[in-house]
Amino acid sequence: MSTPLLTDDELATALKDLPDWTHTGDSIARTVEAPTFLAGIELVRKVAAAAEEANHHPDIDIRWRRVGFTLSTHDSNGLTRLDVELAHEIDRLARQS
């Protein structure tokens with residue numbers, strides 16, 4: 001069973017608390033610039049562990065120190081609370097890097 005999609009109002013409210021994230025189509029995305037390449041890889045490792053725990057996995061793009069994260073709930077064909085929750089966790093982990 002898929003997770004319910006966020007309404008436009010729910011998404012707008014959620015994005016107010018996620019200022020580094022941009023909404024395009026059925027996904028939200030953010031890029032983190034890590035202080036070093038290895039710090040970026042460590043951030044990816046931590047996000048991967050959190051994603052595995054939540055059973056909700058982002059698309060990740062690594063370009064030297066820049067790490068891009070894109071979230072969408074594929075089985076719901078759009079954005080759900082799972083994406084917002086993982087975005088908050090990615091932000092928390094990024095602040096620690």
# chains A, B, ... in the order shown; residues from 1 in each chain; ligands from 1
call {"tool": "select_by_dssp", "arguments": {"residues": "chain A", "states": "alpha helix (DSSP H)", "output": "PyMOL selection string"}}
result
chain A and resi 8-16+37-54+81-96
call {"tool": "write_last_selection", "arguments": {"atoms": "C-alpha atoms", "output": "PDB file, in the first residue's frame"}}
result
ATOM      1  CA  ASP A   8      -0.182  21.354  -2.135  1.00  0.00           C
ATOM      2  CA  ASP A   9      -0.806  23.135   1.180  1.00  0.00           C
ATOM      3  CA  GLU A  10       0.929  20.400   3.202  1.00  0.00           C
ATOM      4  CA  LEU A  11       3.930  20.528   0.883  1.00  0.00           C
ATOM      5  CA  ALA A  12       4.128  24.333   1.024  1.00  0.00           C
ATOM      6  CA  THR A  13       4.043  24.208   4.825  1.00  0.00           C
ATOM      7  CA  ALA A  14       6.704  21.484   4.946  1.00  0.00           C
ATOM      8  CA  LEU A  15       9.034  23.379   2.609  1.00  0.00           C
ATOM      9  CA  LYS A  16       8.960  26.418   4.912  1.00  0.00           C
ATOM     10  CA  PHE A  37      35.571  14.760  -0.466  1.00  0.00           C
ATOM     11  CA  LEU A  38      35.810  12.250   2.381  1.00  0.00           C
ATOM     12  CA  ALA A  39      33.370  14.295   4.498  1.00  0.00           C
ATOM     13  CA  GLY A  40      30.917  14.124   1.589  1.00  0.00           C
ATOM     14  CA  ILE A  41      31.327  10.365   1.359  1.00  0.00           C
ATOM     15  CA  GLU A  42      30.794  10.069   5.122  1.00  0.00           C
ATOM     16  CA  LEU A  43      27.606  12.143   4.807  1.00  0.00           C
ATOM     17  CA  VAL A  44      26.401   9.739   2.109  1.00  0.00           C
ATOM     18  CA  ARG A  45      27.157   6.793   4.422  1.00  0.00           C
ATOM     19  CA  LYS A  46      25.146   8.372   7.251  1.00  0.00           C
ATOM     20  CA  VAL A  47      22.242   9.245   4.965  1.00  0.00           C
ATOM     21  CA  ALA A  48      22.307   5.710   3.549  1.00  0.00           C
ATOM     22  CA  ALA A  49      22.040   4.273   7.072  1.00  0.00           C
ATOM     23  CA  ALA A  50      19.134   6.600   7.924  1.00  0.00           C
ATOM     24  CA  ALA A  51      17.423   5.782   4.623  1.00  0.00           C
ATOM     25  CA  GLU A  52      17.790   2.064   5.209  1.00  0.00           C
ATOM     26  CA  GLU A  53      16.343   2.460   8.712  1.00  0.00           C
ATOM     27  CA  ALA A  54      13.363   4.380   7.283  1.00  0.00           C
ATOM     28  CA  ARG A  81       5.550  12.592   4.569  1.00  0.00           C
ATOM     29  CA  LEU A  82       8.372  10.065   4.088  1.00  0.00           C
ATOM     30  CA  ASP A  83      10.197  12.546   1.855  1.00  0.00           C
ATOM     31  CA  VAL A  84       9.750  15.394   4.328  1.00  0.00           C
ATOM     32  CA  GLU A  85      10.947  13.258   7.236  1.00  0.00           C
ATOM     33  CA  LEU A  86      14.044  12.098   5.347  1.00  0.00           C
ATOM     34  CA  ALA A  87      14.770  15.656   4.159  1.00  0.00           C
ATOM     35  CA  HIS A  88      14.822  16.797   7.801  1.00  0.00           C
ATOM     36  CA  GLU A  89      17.166  13.934   8.677  1.00  0.00           C
ATOM     37  CA  ILE A  90      19.475  14.792   5.763  1.00  0.00           C
ATOM     38  CA  ASP A  91      19.545  18.417   6.944  1.00  0.00           C
ATOM     39  CA  ARG A  92      20.414  17.286  10.475  1.00  0.00           C
ATOM     40  CA  LEU A  93      23.222  15.055   9.217  1.00  0.00           C
ATOM     41  CA  ALA A  94      24.521  17.776   6.872  1.00  0.00           C
ATOM     42  CA  ARG A  95      24.811  20.211   9.794  1.00  0.00           C
ATOM     43  CA  GLN A  96      27.060  17.686  11.545  1.00  0.00           C
TER      44      GLN A  96
END
call {"tool": "residues_around", "arguments": {"residues": "region 56-68 of chain A", "least_positions_apart": "6", "cutoff": "6 Å", "atoms": "only C-alpha atoms", "output": "JSON, numbers by chain"}}
result
{"A": [30, 31, 32, 33, 34, 36, 37, 40]}
call {"tool": "atom_distance", "arguments": {"atom1": "CA of Asp26 (chain A)", "atom2": "CA of Asn77 (chain A)"}}
result
7.0 Å
call {"tool": "select_by_dssp", "arguments": {"residues": "chain A", "states": "strand (DSSP E)", "output": "list in words"}}
result
Thr22, His23, Thr24, Ser27, Ile28, Ala29, Arg30, Thr31, Val32, Glu33, Asp59, Ile60, Asp61, Ile62, Arg63, Arg66, Val67, Gly68, Phe69, Thr70 and Leu71 of chain A
call {"tool": "atom_distance", "arguments": {"atom1": "CA of Thr22 (chain A)", "atom2": "CA of Leu71 (chain A)"}}
result
10.4 Å
call {"tool": "atom_distance", "arguments": {"atom1": "CA of Phe69 (chain A)", "atom2": "CA of Leu6 (chain A)"}}
result
19.3 Å
call {"tool": "closest_residue", "arguments": {"among": "A:Ser2, A:Ala29, A:Thr24, A:Pro19", "to": "His74 (chain A)", "atoms": "only C-alpha atoms"}}
result
A:Ser2
call {"tool": "decode", "arguments": {"residues": "chain A", "atoms": "C-alpha atoms", "output": "PDB file, in the first residue's frame"}}
result
ATOM      1  CA  MET A   1       0.000   0.000   0.000  1.00  0.00           C
ATOM      2  CA  SER A   2       1.425   3.367  -0.947  1.00  0.00           C
ATOM      3  CA  THR A   3       1.853   6.350   1.356  1.00  0.00           C
ATOM      4  CA  PRO A   4      -0.654   9.189   0.748  1.00  0.00           C
ATOM      5  CA  LEU A   5       0.615  12.127  -1.290  1.00  0.00           C
ATOM      6  CA  LEU A   6       0.995  15.494   0.392  1.00  0.00           C
ATOM      7  CA  THR A   7      -1.522  18.135  -0.621  1.00  0.00           C
ATOM      8  CA  ASP A   8      -0.182  21.354  -2.135  1.00  0.00           C
ATOM      9  CA  ASP A   9      -0.806  23.135   1.180  1.00  0.00           C
ATOM     10  CA  GLU A  10       0.929  20.400   3.202  1.00  0.00           C
ATOM     11  CA  LEU A  11       3.930  20.528   0.883  1.00  0.00           C
ATOM     12  CA  ALA A  12       4.128  24.333   1.024  1.00  0.00           C
ATOM     13  CA  THR A  13       4.043  24.208   4.825  1.00  0.00           C
ATOM     14  CA  ALA A  14       6.704  21.484   4.946  1.00  0.00           C
ATOM     15  CA  LEU A  15       9.034  23.379   2.609  1.00  0.00           C
ATOM     16  CA  LYS A  16       8.960  26.418   4.912  1.00  0.00           C
ATOM     17  CA  ASP A  17      10.965  24.297   7.366  1.00  0.00           C
ATOM     18  CA  LEU A  18      13.261  23.019   4.587  1.00  0.00           C
ATOM     19  CA  PRO A  19      14.719  26.211   3.073  1.00  0.00           C
ATOM     20  CA  ASP A  20      17.637  24.446   1.348  1.00  0.00           C
ATOM     21  CA  TRP A  21      15.315  22.169  -0.620  1.00  0.00           C
ATOM     22  CA  THR A  22      13.746  22.953  -3.984  1.00  0.00           C
ATOM     23  CA  HIS A  23      10.551  21.470  -5.319  1.00  0.00           C
ATOM     24  CA  THR A  24      10.426  20.411  -8.946  1.00  0.00           C
ATOM     25  CA  GLY A  25       7.687  18.173 -10.309  1.00  0.00           C
ATOM     26  CA  ASP A  26       7.273  15.103  -8.124  1.00  0.00           C
ATOM     27  CA  SER A  27      10.461  15.551  -6.093  1.00  0.00           C
ATOM     28  CA  ILE A  28      12.419  17.778  -3.751  1.00  0.00           C
ATOM     29  CA  ALA A  29      16.175  18.185  -3.968  1.00  0.00           C
ATOM     30  CA  ARG A  30      19.102  19.774  -2.216  1.00  0.00           C
ATOM     31  CA  THR A  31      22.850  19.901  -2.697  1.00  0.00           C
ATOM     32  CA  VAL A  32      25.296  19.883   0.205  1.00  0.00           C
ATOM     33  CA  GLU A  33      28.858  21.104  -0.204  1.00  0.00           C
ATOM     34  CA  ALA A  34      31.011  19.123   2.201  1.00  0.00           C
ATOM     35  CA  PRO A  35      34.317  20.513   3.513  1.00  0.00           C
ATOM     36  CA  THR A  36      36.241  17.632   1.905  1.00  0.00           C
ATOM     37  CA  PHE A  37      35.571  14.760  -0.466  1.00  0.00           C
ATOM     38  CA  LEU A  38      35.810  12.250   2.381  1.00  0.00           C
ATOM     39  CA  ALA A  39      33.370  14.295   4.498  1.00  0.00           C
ATOM     40  CA  GLY A  40      30.917  14.124   1.589  1.00  0.00           C
ATOM     41  CA  ILE A  41      31.327  10.365   1.359  1.00  0.00           C
ATOM     42  CA  GLU A  42      30.794  10.069   5.122  1.00  0.00           C
ATOM     43  CA  LEU A  43      27.606  12.143   4.807  1.00  0.00           C
ATOM     44  CA  VAL A  44      26.401   9.739   2.109  1.00  0.00           C
ATOM     45  CA  ARG A  45      27.157   6.793   4.422  1.00  0.00           C
ATOM     46  CA  LYS A  46      25.146   8.372   7.251  1.00  0.00           C
ATOM     47  CA  VAL A  47      22.242   9.245   4.965  1.00  0.00           C
ATOM     48  CA  ALA A  48      22.307   5.710   3.549  1.00  0.00           C
ATOM     49  CA  ALA A  49      22.040   4.273   7.072  1.00  0.00           C
ATOM     50  CA  ALA A  50      19.134   6.600   7.924  1.00  0.00           C
ATOM     51  CA  ALA A  51      17.423   5.782   4.623  1.00  0.00           C
ATOM     52  CA  GLU A  52      17.790   2.064   5.209  1.00  0.00           C
ATOM     53  CA  GLU A  53      16.343   2.460   8.712  1.00  0.00           C
ATOM     54  CA  ALA A  54      13.363   4.380   7.283  1.00  0.00           C
ATOM     55  CA  ASN A  55      13.060   2.042   4.268  1.00  0.00           C
ATOM     56  CA  HIS A  56      12.945   5.174   2.098  1.00  0.00           C
ATOM     57  CA  HIS A  57      15.872   5.814  -0.209  1.00  0.00           C
ATOM     58  CA  PRO A  58      16.990   9.044  -1.913  1.00  0.00           C
ATOM     59  CA  ASP A  59      18.657   9.391  -5.258  1.00  0.00           C
ATOM     60  CA  ILE A  60      22.233  10.502  -4.501  1.00  0.00           C
ATOM     61  CA  ASP A  61      24.669  12.228  -6.844  1.00  0.00           C
ATOM     62  CA  ILE A  62      28.294  12.709  -5.754  1.00  0.00           C
ATOM     63  CA  ARG A  63      30.447  15.292  -7.527  1.00  0.00           C
ATOM     64  CA  TRP A  64      33.690  15.756  -5.603  1.00  0.00           C
ATOM     65  CA  ARG A  65      32.606  17.693  -2.460  1.00  0.00           C
ATOM     66  CA  ARG A  66      29.078  18.376  -3.733  1.00  0.00           C
ATOM     67  CA  VAL A  67      26.484  15.773  -2.798  1.00  0.00           C
ATOM     68  CA  GLY A  68      23.003  16.015  -4.277  1.00  0.00           C
ATOM     69  CA  PHE A  69      19.964  14.374  -2.729  1.00  0.00           C
ATOM     70  CA  THR A  70      16.624  13.966  -4.508  1.00  0.00           C
ATOM     71  CA  LEU A  71      13.557  12.628  -2.741  1.00  0.00           C
ATOM     72  CA  SER A  72      10.291  11.281  -4.089  1.00  0.00           C
ATOM     73  CA  THR A  73       8.063   8.418  -3.027  1.00  0.00           C
ATOM     74  CA  HIS A  74       8.141   6.368  -6.213  1.00  0.00           C
ATOM     75  CA  ASP A  75       5.354   3.938  -5.313  1.00  0.00           C
ATOM     76  CA  SER A  76       3.073   6.932  -4.606  1.00  0.00           C
ATOM     77  CA  ASN A  77       4.211   8.864  -7.701  1.00  0.00           C
ATOM     78  CA  GLY A  78       4.990  12.031  -5.774  1.00  0.00           C
ATOM     79  CA  LEU A  79       5.854  13.562  -2.440  1.00  0.00           C
ATOM     80  CA  THR A  80       4.758  12.120   0.899  1.00  0.00           C
ATOM     81  CA  ARG A  81       5.550  12.592   4.569  1.00  0.00           C
ATOM     82  CA  LEU A  82       8.372  10.065   4.088  1.00  0.00           C
ATOM     83  CA  ASP A  83      10.197  12.546   1.855  1.00  0.00           C
ATOM     84  CA  VAL A  84       9.750  15.394   4.328  1.00  0.00           C
ATOM     85  CA  GLU A  85      10.947  13.258   7.236  1.00  0.00           C
ATOM     86  CA  LEU A  86      14.044  12.098   5.347  1.00  0.00           C
ATOM     87  CA  ALA A  87      14.770  15.656   4.159  1.00  0.00           C
ATOM     88  CA  HIS A  88      14.822  16.797   7.801  1.00  0.00           C
ATOM     89  CA  GLU A  89      17.166  13.934   8.677  1.00  0.00           C
ATOM     90  CA  ILE A  90      19.475  14.792   5.763  1.00  0.00           C
ATOM     91  CA  ASP A  91      19.545  18.417   6.944  1.00  0.00           C
ATOM     92  CA  ARG A  92      20.414  17.286  10.475  1.00  0.00           C
ATOM     93  CA  LEU A  93      23.222  15.055   9.217  1.00  0.00           C
ATOM     94  CA  ALA A  94      24.521  17.776   6.872  1.00  0.00           C
ATOM     95  CA  ARG A  95      24.811  20.211   9.794  1.00  0.00           C
ATOM     96  CA  GLN A  96      27.060  17.686  11.545  1.00  0.00           C
ATOM     97  CA  SER A  97      29.440  17.302   8.603  1.00  0.00           C
TER      98      SER A  97
END
